[in-house]
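Structure data (mmCIF, C-alpha atoms and all ligand atoms) from start25.cif:
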```cif
data_entry
loop_
_atom_site.label_atom_id
_atom_site.label_comp_id
_atom_site.auth_asym_id
_atom_site.auth_seq_id
_atom_site.Cartn_x
_atom_site.Cartn_y
_atom_site.Cartn_z
CA MET A 14 25.37 -17.51 -13.78
CA THR A 15 22.83 -14.86 -14.72
CA GLN A 16 23.74 -11.40 -13.56
CA LYS A 17 21.89 -9.95 -10.61
CA ILE A 18 19.94 -6.80 -11.30
CA SER A 19 19.92 -4.27 -8.49
CA LEU A 20 17.12 -1.77 -7.91
CA THR A 21 19.55 0.96 -9.02
CA ARG A 22 20.16 -0.77 -12.34
CA TYR A 23 16.46 -1.51 -12.83
CA LEU A 24 15.65 2.17 -12.34
CA VAL A 25 18.45 3.34 -14.64
CA GLU A 26 17.18 0.98 -17.35
CA GLN A 27 13.59 2.16 -16.81
CA GLN A 28 14.82 5.69 -17.26
CA ARG A 29 16.96 4.92 -20.29
CA SER A 30 14.99 2.50 -22.43
CA GLU A 31 11.41 2.80 -21.27
CA GLY A 32 11.40 6.51 -20.59
CA HIS A 33 9.08 5.89 -17.64
CA ILE A 34 11.06 7.80 -15.09
CA PRO A 35 12.79 11.14 -15.17
CA SER A 36 15.99 11.34 -13.13
CA GLN A 37 14.31 13.16 -10.21
CA LEU A 38 11.82 10.33 -9.84
CA ARG A 39 14.62 7.78 -10.03
CA LEU A 40 16.42 9.57 -7.22
CA LEU A 41 13.20 9.73 -5.22
CA LEU A 42 12.66 5.98 -5.50
CA GLU A 43 16.26 5.25 -4.55
CA VAL A 44 15.85 7.40 -1.47
CA VAL A 45 12.59 5.73 -0.48
CA ALA A 46 14.27 2.33 -0.85
CA ARG A 47 17.16 3.51 1.34
CA ALA A 48 14.70 4.66 3.99
CA CYS A 49 12.96 1.27 3.85
CA LYS A 50 16.31 -0.43 4.41
CA SER A 51 16.81 1.64 7.48
CA ILE A 52 13.28 0.89 8.77
CA SER A 53 13.94 -2.78 8.10
CA GLN A 54 17.03 -2.59 10.33
CA ALA A 55 15.02 -1.05 13.14
CA VAL A 56 12.26 -3.65 12.74
CA ASN A 57 14.84 -6.46 12.82
CA LYS A 58 16.39 -5.27 16.06
CA GLY A 59 13.01 -5.45 17.78
CA ALA A 60 13.29 -5.55 21.57
CA LEU A 61 17.10 -5.23 21.32
CA GLY A 62 16.72 -1.86 19.64
CA GLY A 63 14.07 -0.63 22.07
CA VAL A 64 11.64 -0.07 19.21
CA LEU A 65 8.70 -2.16 20.42
CA GLY A 66 5.66 -0.91 22.31
CA GLY A 67 3.44 2.15 22.32
CA ALA A 68 4.49 5.78 22.02
CA GLU A 69 1.58 7.01 24.15
CA THR A 70 0.56 9.53 21.50
CA GLU A 71 -2.42 9.60 19.17
CA ASN A 72 -2.35 10.29 15.44
CA VAL A 73 -4.83 12.48 13.56
CA GLN A 74 -7.15 9.51 13.01
CA GLY A 75 -7.42 8.94 16.77
CA GLU A 76 -5.28 5.78 16.70
CA MET A 77 -2.66 5.15 19.38
CA GLN A 78 0.79 5.35 17.82
CA LYS A 79 3.47 2.74 18.27
CA LYS A 80 7.13 3.72 18.66
CA LEU A 81 7.83 2.27 15.22
CA ASP A 82 5.07 4.34 13.58
CA ILE A 83 6.95 7.44 14.68
CA ILE A 84 10.45 6.11 13.95
CA ALA A 85 9.46 5.03 10.41
CA ASN A 86 7.80 8.39 9.78
CA GLU A 87 10.95 10.25 10.86
CA VAL A 88 13.23 8.02 8.80
CA LEU A 89 11.17 8.70 5.66
CA ILE A 90 11.13 12.44 6.23
CA GLU A 91 14.83 12.75 7.04
CA ALA A 92 15.82 10.64 4.04
CA ASN A 93 13.64 12.57 1.61
CA GLU A 94 13.69 16.22 2.63
CA TRP A 95 17.16 17.24 1.40
CA GLY A 96 17.47 15.56 -2.01
CA GLY A 97 15.79 18.28 -4.05
CA HIS A 98 13.33 15.85 -5.62
CA LEU A 99 10.32 16.67 -3.47
CA ALA A 100 8.08 19.63 -2.83
CA ALA A 101 6.24 18.09 0.11
CA MET A 102 5.22 14.89 1.87
CA ALA A 103 2.06 13.61 3.51
CA SER A 104 1.81 10.77 5.98
CA GLU A 105 -0.83 8.79 7.78
CA GLU A 106 0.95 9.80 10.98
CA MET A 107 0.97 13.58 10.41
CA GLU A 108 -2.04 15.86 10.49
CA GLY A 109 -0.91 18.31 7.81
CA ILE A 110 1.50 18.10 4.92
CA TYR A 111 5.25 18.43 5.45
CA VAL A 112 6.66 21.05 3.11
CA VAL A 113 10.34 20.65 2.25
CA PRO A 114 12.16 23.31 4.35
CA ASN A 115 13.46 26.43 2.59
CA ARG A 116 17.08 25.52 3.16
CA TYR A 117 16.72 22.71 0.60
CA PRO A 118 15.83 22.93 -3.08
CA GLN A 119 12.24 22.08 -3.94
CA GLY A 120 11.45 19.37 -6.48
CA GLU A 121 8.38 18.65 -8.53
CA TYR A 122 7.12 15.52 -6.74
CA LEU A 123 4.86 14.81 -3.81
CA LEU A 124 5.42 11.74 -1.64
CA LEU A 125 2.68 10.11 0.41
CA PHE A 126 3.18 7.23 2.83
CA ASP A 127 1.88 4.92 5.45
CA PRO A 128 5.23 4.67 7.26
CA LEU A 129 4.34 1.56 9.20
CA ASP A 130 1.45 -0.57 8.05
CA GLY A 131 0.16 -3.32 10.33
CA SER A 132 1.02 -1.60 13.61
CA SER A 133 -0.88 -4.20 15.66
CA ASN A 134 1.62 -6.80 14.42
CA ILE A 135 4.83 -5.00 15.48
CA ASP A 136 5.00 -6.36 19.00
CA VAL A 137 4.06 -9.91 17.99
CA ASN A 138 6.78 -10.31 15.33
CA VAL A 139 4.41 -10.66 12.38
CA SER A 140 5.02 -9.07 8.94
CA ILE A 141 4.58 -5.30 8.68
CA GLY A 142 5.50 -2.81 5.98
CA THR A 143 5.75 0.67 4.48
CA ILE A 144 3.42 1.81 1.68
CA PHE A 145 4.19 4.78 -0.58
CA SER A 146 2.68 6.71 -3.45
CA VAL A 147 4.19 9.43 -5.66
CA LEU A 148 2.32 12.24 -7.40
CA ARG A 149 3.52 15.09 -9.52
CA LYS A 150 2.99 18.53 -7.99
CA PRO A 151 0.56 20.55 -10.09
CA GLU A 152 2.04 23.59 -11.86
CA GLY A 153 2.19 26.82 -9.87
CA ALA A 154 4.10 28.47 -7.10
CA GLY A 155 4.26 26.96 -3.62
CA VAL A 156 2.64 23.79 -2.43
CA SER A 157 -0.55 23.15 -0.49
CA GLU A 158 -2.65 20.28 0.79
CA GLN A 159 -4.92 20.80 -2.21
CA ASP A 160 -2.05 19.72 -4.49
CA PHE A 161 -2.17 16.25 -2.95
CA LEU A 162 -5.87 15.74 -3.67
CA GLN A 163 -5.41 13.87 -6.95
CA ALA A 164 -7.12 10.68 -8.02
CA GLY A 165 -5.10 7.43 -7.90
CA HIS A 166 -4.76 7.23 -11.67
CA LYS A 167 -2.48 10.27 -11.46
CA GLN A 168 0.16 8.37 -9.48
CA VAL A 169 3.57 8.21 -11.17
CA ALA A 170 5.02 5.57 -8.86
CA ALA A 171 3.68 3.39 -6.07
CA GLY A 172 4.95 0.56 -3.97
CA TYR A 173 5.51 -1.00 -0.60
CA CYS A 174 8.22 -2.69 1.37
CA VAL A 175 7.23 -5.71 3.44
CA TYR A 176 9.33 -6.53 6.51
CA GLY A 177 8.72 -10.24 6.86
CA PRO A 178 10.89 -13.36 6.76
CA GLN A 179 12.47 -11.46 3.85
CA THR A 180 12.43 -7.72 3.25
CA THR A 181 10.87 -7.23 -0.17
CA LEU A 182 10.30 -4.00 -2.07
CA VAL A 183 7.49 -4.06 -4.61
CA LEU A 184 7.25 -1.27 -7.14
CA THR A 185 5.37 0.04 -10.14
CA VAL A 186 6.15 3.05 -12.31
CA GLY A 187 3.38 2.11 -14.73
CA ASP A 188 5.31 -0.63 -16.51
CA GLY A 189 4.12 -3.70 -14.59
CA VAL A 190 5.09 -4.76 -11.09
CA ALA A 191 8.61 -5.73 -10.04
CA MET A 192 9.76 -7.28 -6.75
CA PHE A 193 13.18 -6.77 -5.17
CA THR A 194 14.53 -8.77 -2.25
CA LEU A 195 16.92 -7.10 0.19
CA ASP A 196 20.34 -8.73 0.10
CA ARG A 197 21.62 -7.87 3.56
CA GLU A 198 25.24 -8.78 2.80
CA GLN A 199 25.35 -6.47 -0.21
CA GLY A 200 23.02 -3.93 1.35
CA SER A 201 21.01 -3.64 -1.86
CA PHE A 202 17.65 -4.63 -3.25
CA ILE A 203 17.95 -7.29 -5.99
CA LEU A 204 15.31 -7.88 -8.64
CA THR A 205 13.71 -11.25 -7.88
CA GLN A 206 10.50 -11.09 -9.90
CA GLU A 207 9.35 -9.06 -12.85
CA ASN A 208 6.01 -8.78 -14.60
CA VAL A 209 4.10 -10.00 -11.54
CA GLN A 210 0.63 -11.30 -12.44
CA VAL A 211 -2.36 -11.88 -10.16
CA PRO A 212 -4.37 -14.92 -11.32
CA GLU A 213 -7.87 -13.87 -12.44
CA ASP A 214 -9.53 -16.58 -10.35
CA THR A 215 -8.93 -17.55 -6.77
CA GLN A 216 -10.23 -19.72 -3.95
CA GLU A 217 -8.83 -17.59 -1.16
CA PHE A 218 -10.30 -14.53 0.53
CA ALA A 219 -9.00 -12.12 3.17
CA ILE A 220 -11.39 -10.26 5.44
CA ASN A 221 -11.67 -9.69 9.18
CA MET A 222 -14.47 -12.17 9.88
CA SER A 223 -15.04 -10.81 13.39
CA ASN A 224 -16.86 -7.88 11.77
CA MET A 225 -19.31 -10.15 9.92
CA ARG A 226 -22.43 -9.01 11.74
CA HIS A 227 -21.66 -5.38 10.89
CA TRP A 228 -21.23 -5.86 7.12
CA ASP A 229 -23.56 -4.71 4.40
CA THR A 230 -25.71 -7.27 2.54
CA PRO A 231 -23.54 -7.65 -0.62
CA VAL A 232 -20.46 -8.47 1.47
CA GLN A 233 -22.49 -10.89 3.62
CA ARG A 234 -23.74 -12.57 0.45
CA TYR A 235 -20.28 -12.93 -1.11
CA ILE A 236 -18.63 -14.38 1.98
CA ASP A 237 -21.60 -16.60 2.77
CA GLU A 238 -21.38 -18.13 -0.71
CA CYS A 239 -17.62 -18.70 -0.27
CA LEU A 240 -18.24 -20.39 3.08
CA GLN A 241 -20.78 -22.80 1.57
CA GLY A 242 -17.97 -24.22 -0.53
CA THR A 243 -18.80 -27.18 -2.78
CA ASP A 244 -22.34 -27.29 -1.30
CA GLY A 245 -23.14 -23.72 -2.39
CA PRO A 246 -23.60 -21.73 -5.60
CA ARG A 247 -19.83 -21.30 -6.13
CA GLY A 248 -19.34 -25.08 -6.29
CA LYS A 249 -15.82 -24.87 -4.84
CA ASN A 250 -14.21 -24.56 -1.44
CA PHE A 251 -12.52 -21.36 -0.30
CA ASN A 252 -9.60 -20.82 2.05
CA MET A 253 -9.25 -17.77 4.30
CA ARG A 254 -6.24 -15.69 5.42
CA TRP A 255 -6.17 -12.47 7.45
CA ILE A 256 -2.79 -11.12 8.55
CA ALA A 257 -4.05 -7.68 9.66
CA SER A 258 -1.20 -6.00 7.79
CA MET A 259 -2.54 -4.88 4.45
CA VAL A 260 1.00 -4.98 3.09
CA ALA A 261 1.35 -8.67 3.91
CA ASP A 262 -2.14 -9.57 2.66
CA VAL A 263 -1.56 -7.72 -0.62
CA HIS A 264 1.88 -9.31 -0.97
CA ARG A 265 0.30 -12.76 -0.71
CA ILE A 266 -2.29 -11.79 -3.32
CA LEU A 267 0.37 -10.49 -5.72
CA THR A 268 2.21 -13.76 -5.20
CA ARG A 269 -0.57 -16.34 -5.47
CA GLY A 270 -3.87 -14.53 -6.01
CA GLY A 271 -6.81 -13.94 -3.68
CA VAL A 272 -9.29 -11.23 -2.81
CA PHE A 273 -8.81 -8.71 0.00
CA MET A 274 -11.68 -6.77 1.53
CA TYR A 275 -11.94 -4.10 4.16
CA PRO A 276 -15.50 -2.97 3.51
CA TRP A 277 -17.59 -0.25 5.07
CA ASP A 278 -19.37 -1.58 8.12
CA LYS A 279 -21.97 -0.51 10.65
CA ARG A 280 -19.54 0.04 13.53
CA GLU A 281 -18.79 3.53 12.27
CA PRO A 282 -21.46 4.15 9.63
CA GLY A 283 -20.31 7.73 9.05
CA LYS A 284 -16.91 6.59 7.76
CA PRO A 285 -16.61 5.14 4.23
CA GLY A 286 -14.24 2.46 5.54
CA LYS A 287 -11.19 1.92 7.73
CA LEU A 288 -8.36 2.12 5.23
CA ARG A 289 -6.94 5.36 3.91
CA LEU A 290 -7.39 6.28 0.26
CA MET A 291 -4.16 8.21 -0.24
CA TYR A 292 -1.67 6.08 1.72
CA GLU A 293 -3.09 2.58 1.43
CA ALA A 294 -5.86 2.08 -1.13
CA ASN A 295 -4.47 4.07 -4.07
CA PRO A 296 -0.93 2.68 -4.13
CA MET A 297 -2.13 -0.89 -3.53
CA SER A 298 -4.84 -0.53 -6.20
CA TRP A 299 -2.31 0.59 -8.78
CA LEU A 300 0.03 -2.31 -7.99
CA ILE A 301 -2.86 -4.77 -8.22
CA GLU A 302 -4.13 -3.29 -11.50
CA GLN A 303 -0.62 -3.28 -12.95
CA ALA A 304 -0.50 -7.00 -12.15
CA GLY A 305 -3.78 -7.68 -13.95
CA GLY A 306 -6.07 -7.55 -10.90
CA ALA A 307 -8.82 -5.09 -9.98
CA ALA A 308 -9.61 -2.73 -7.12
CA THR A 309 -12.94 -1.09 -6.26
CA ASN A 310 -14.72 0.39 -3.29
CA GLY A 311 -17.58 -2.03 -4.01
CA LYS A 312 -19.10 0.28 -6.59
CA GLN A 313 -16.40 2.18 -8.41
CA ARG A 314 -12.75 1.88 -9.37
CA ILE A 315 -10.71 3.13 -6.41
CA MET A 316 -8.21 4.98 -8.62
CA ASP A 317 -11.02 7.09 -10.10
CA ILE A 318 -12.14 8.48 -6.74
CA GLU A 319 -11.51 12.23 -6.50
CA PRO A 320 -10.22 12.70 -2.94
CA GLY A 321 -11.95 15.33 -0.85
CA LYS A 322 -9.38 15.37 1.95
CA LEU A 323 -5.92 14.10 2.74
CA HIS A 324 -6.88 11.51 5.35
CA GLU A 325 -9.96 10.29 3.47
CA ARG A 326 -11.02 6.72 4.13
CA VAL A 327 -12.43 4.23 1.71
CA SER A 328 -13.97 0.80 1.42
CA VAL A 329 -11.58 -1.62 -0.30
CA VAL A 330 -12.09 -4.73 -2.44
CA LEU A 331 -8.99 -5.76 -4.39
CA GLY A 332 -7.20 -8.73 -5.91
CA SER A 333 -8.08 -11.41 -8.45
CA LYS A 334 -10.14 -9.77 -11.16
CA ASN A 335 -13.07 -12.18 -11.41
CA GLU A 336 -13.73 -12.15 -7.65
CA VAL A 337 -13.47 -8.36 -7.40
CA ASP A 338 -15.88 -8.08 -10.34
CA ARG A 339 -18.29 -10.42 -8.56
CA VAL A 340 -18.21 -8.49 -5.26
CA THR A 341 -18.70 -5.25 -7.19
CA ARG A 342 -21.62 -6.72 -9.12
CA TYR A 343 -23.28 -7.82 -5.84
CA HIS A 344 -23.00 -4.20 -4.62
CA LEU A 345 -24.40 -2.74 -7.82
CA GLU A 346 -27.31 -5.23 -7.87
CA ALA A 347 -28.24 -4.50 -4.25
P1 LIG B 1 -2.11 0.72 10.15
O1 LIG B 1 -1.28 -0.19 10.99
O2 LIG B 1 -1.29 1.51 9.16
O3 LIG B 1 -3.06 1.58 10.94
O4 LIG B 1 -2.99 -0.17 9.15
C1 LIG B 1 -3.65 -1.32 9.63
C2 LIG B 1 -4.72 -1.65 8.65
C3 LIG B 1 -4.32 -2.64 7.59
O5 LIG B 1 -2.97 -2.85 7.42
C4 LIG B 1 -4.99 -3.92 7.98
O6 LIG B 1 -5.46 -4.59 6.85
C5 LIG B 1 -6.13 -3.49 8.86
O7 LIG B 1 -5.79 -2.23 9.37
C6 LIG B 1 -6.38 -4.44 9.99
O8 LIG B 1 -7.49 -4.03 10.67
P2 LIG B 1 -8.24 -4.91 11.79
O9 LIG B 1 -7.33 -4.92 12.97
O10 LIG B 1 -9.52 -4.18 11.99
O11 LIG B 1 -8.44 -6.30 11.22
MN MN B 2 -1.80 0.95 7.20
MN MN B 3 0.32 2.91 9.54
#
```

Can you turn what I pasted into structure tokens?
Ligand code: AHG
Ligand code: MN
Ligand code: MN
Amino acid sequence: MTQKISLTRYLVEQQRSEGHIPSQLRLLLEVVARACKSISQAVNKGALGGVLGGAETENVQGEMQKKLDIIANEVLIEANEWGGHLAAMASEEMEGIYVVPNRYPQGEYLLLFDPLDGSSNIDVNVSIGTIFSVLRKPEGAGVSEQDFLQAGHKQVAAGYCVYGPQTTLVLTVGDGVAMFTLDREQGSFILTQENVQVPEDTQEFAINMSNMRHWDTPVQRYIDECLQGTDGPRGKNFNMRWIASMVADVHRILTRGGVFMYPWDKREPGKPGKLRLMYEANPMSWLIEQAGGAATNGKQRIMDIEPGKLHERVSVVLGSKNEVDRVTRYHLEA
């Protein structure tokens, strides 16, 4: 029988042979994984754990928070604040950054997260997840919000945990993408796929079709051509999936290919898009690129965007390389 490789062992080997991760970063990733395990437990209990339903509070983006948004946020903070590996954290659910309190040692990393992605799916028992991104704190004393405003290509680790039929942690430290499945009996994440690759071509797209009339012309054109199937210019039929949890849609794409889009639309023309650059788009873009896919905002590589603010939003097109290139070309031609 081949030996099972735990997340701990994978990280130790990354540190030892590949030199990708210093020990502080290894500790950080272990702690994030532990927090995800704990969130997974809460998610699993559902109604029995009293975790379903709304919290009757609003986050900084004006979205109503669910109880689990707040629970997951607290779990991540409590797990990460004392280890000495972090200087500060930023979350989709908190207005400002969370600086590690003085009573703990300060580390050199910054952790950003979407504690609970796919909030509208919590109460209906559909896959949800946690997305995270790690940056190095720039040199200098103290830590400020400005320190977080780094482009996606500066990430040193990124990943997500999807709470679905299985709990799966997906990670990159810049050496490809690895997937770990939670073994509940052992209480540890076990490596179940390495060197994940997104096929360059696909016949599956993911977009919220109910927004069709609000889209921009290049997006209308792309989807319209997909819908024409074998009768249209693409000469092949397309399938559609939309889970409404980015984590679950991206997980499907990493597993079997596809293209995911949450484009700018005319409902809120002043906003570049719905999804958040720092907590959703950047980490997912890096995972997708590390698996051979591509990620743009329709015009430019997402990971090259210089963020102007912490809660910045962005238009997202990511997945199978040839389809992302096509959507991007349609934007540039328009
Ligand atoms: P969150 O639950 O963190 O606010 O994120 C939800 C996001 C993303 O996961 C998903 O792709 C998208 O919102 C779904 O939006 P629609 O409900 O507009 O389809
Ligand atoms: Mn989200
Ligand atoms: Mn969220």

(message) Could you list, as a VMD selection string, all protein and nucleic acid residues with an atom at most 8 Å from ligand MN 3 (chain B), counting all atoms listed in the file?
(response) chain A and resid 82 105 to 106 127 to 132 143

(message) Would you compute the distance between atom CA of Tyr275 of chain A and atom CA of Val169 of chain A? Give it in Å to one decimal.
(response)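 For atom CA of Tyr275 of chain A relative to atom CA of Val169 of chain A, the distance reads 25.0 Å.
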
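One distance worth recording is that between atom CA of Ala257 of chain A and atom CA of Ala294 of chain A, which is 14.7 Å.
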
(request) Enumerate residues in contact with ligand LIG 1 (chain B): an atom-to-atom distance of at most 10 Å, counting only C-alpha atoms and all ligand atoms. Format the result as a PyMOL selection string. (result) chain A and resi 72+74+76-79+82+105-106+126-135+141-144+219-224+255-263+273-275+287-289+292-293+329

(message) Residues near Thr309 of chain A, anyone? I mean within 9 Å using only C-alpha atoms, not counting same-chain ones fewer than 3 positions away, as a PyMOL selection string.
(response) chain A and resi 298+312-316+328-331+337-338+341
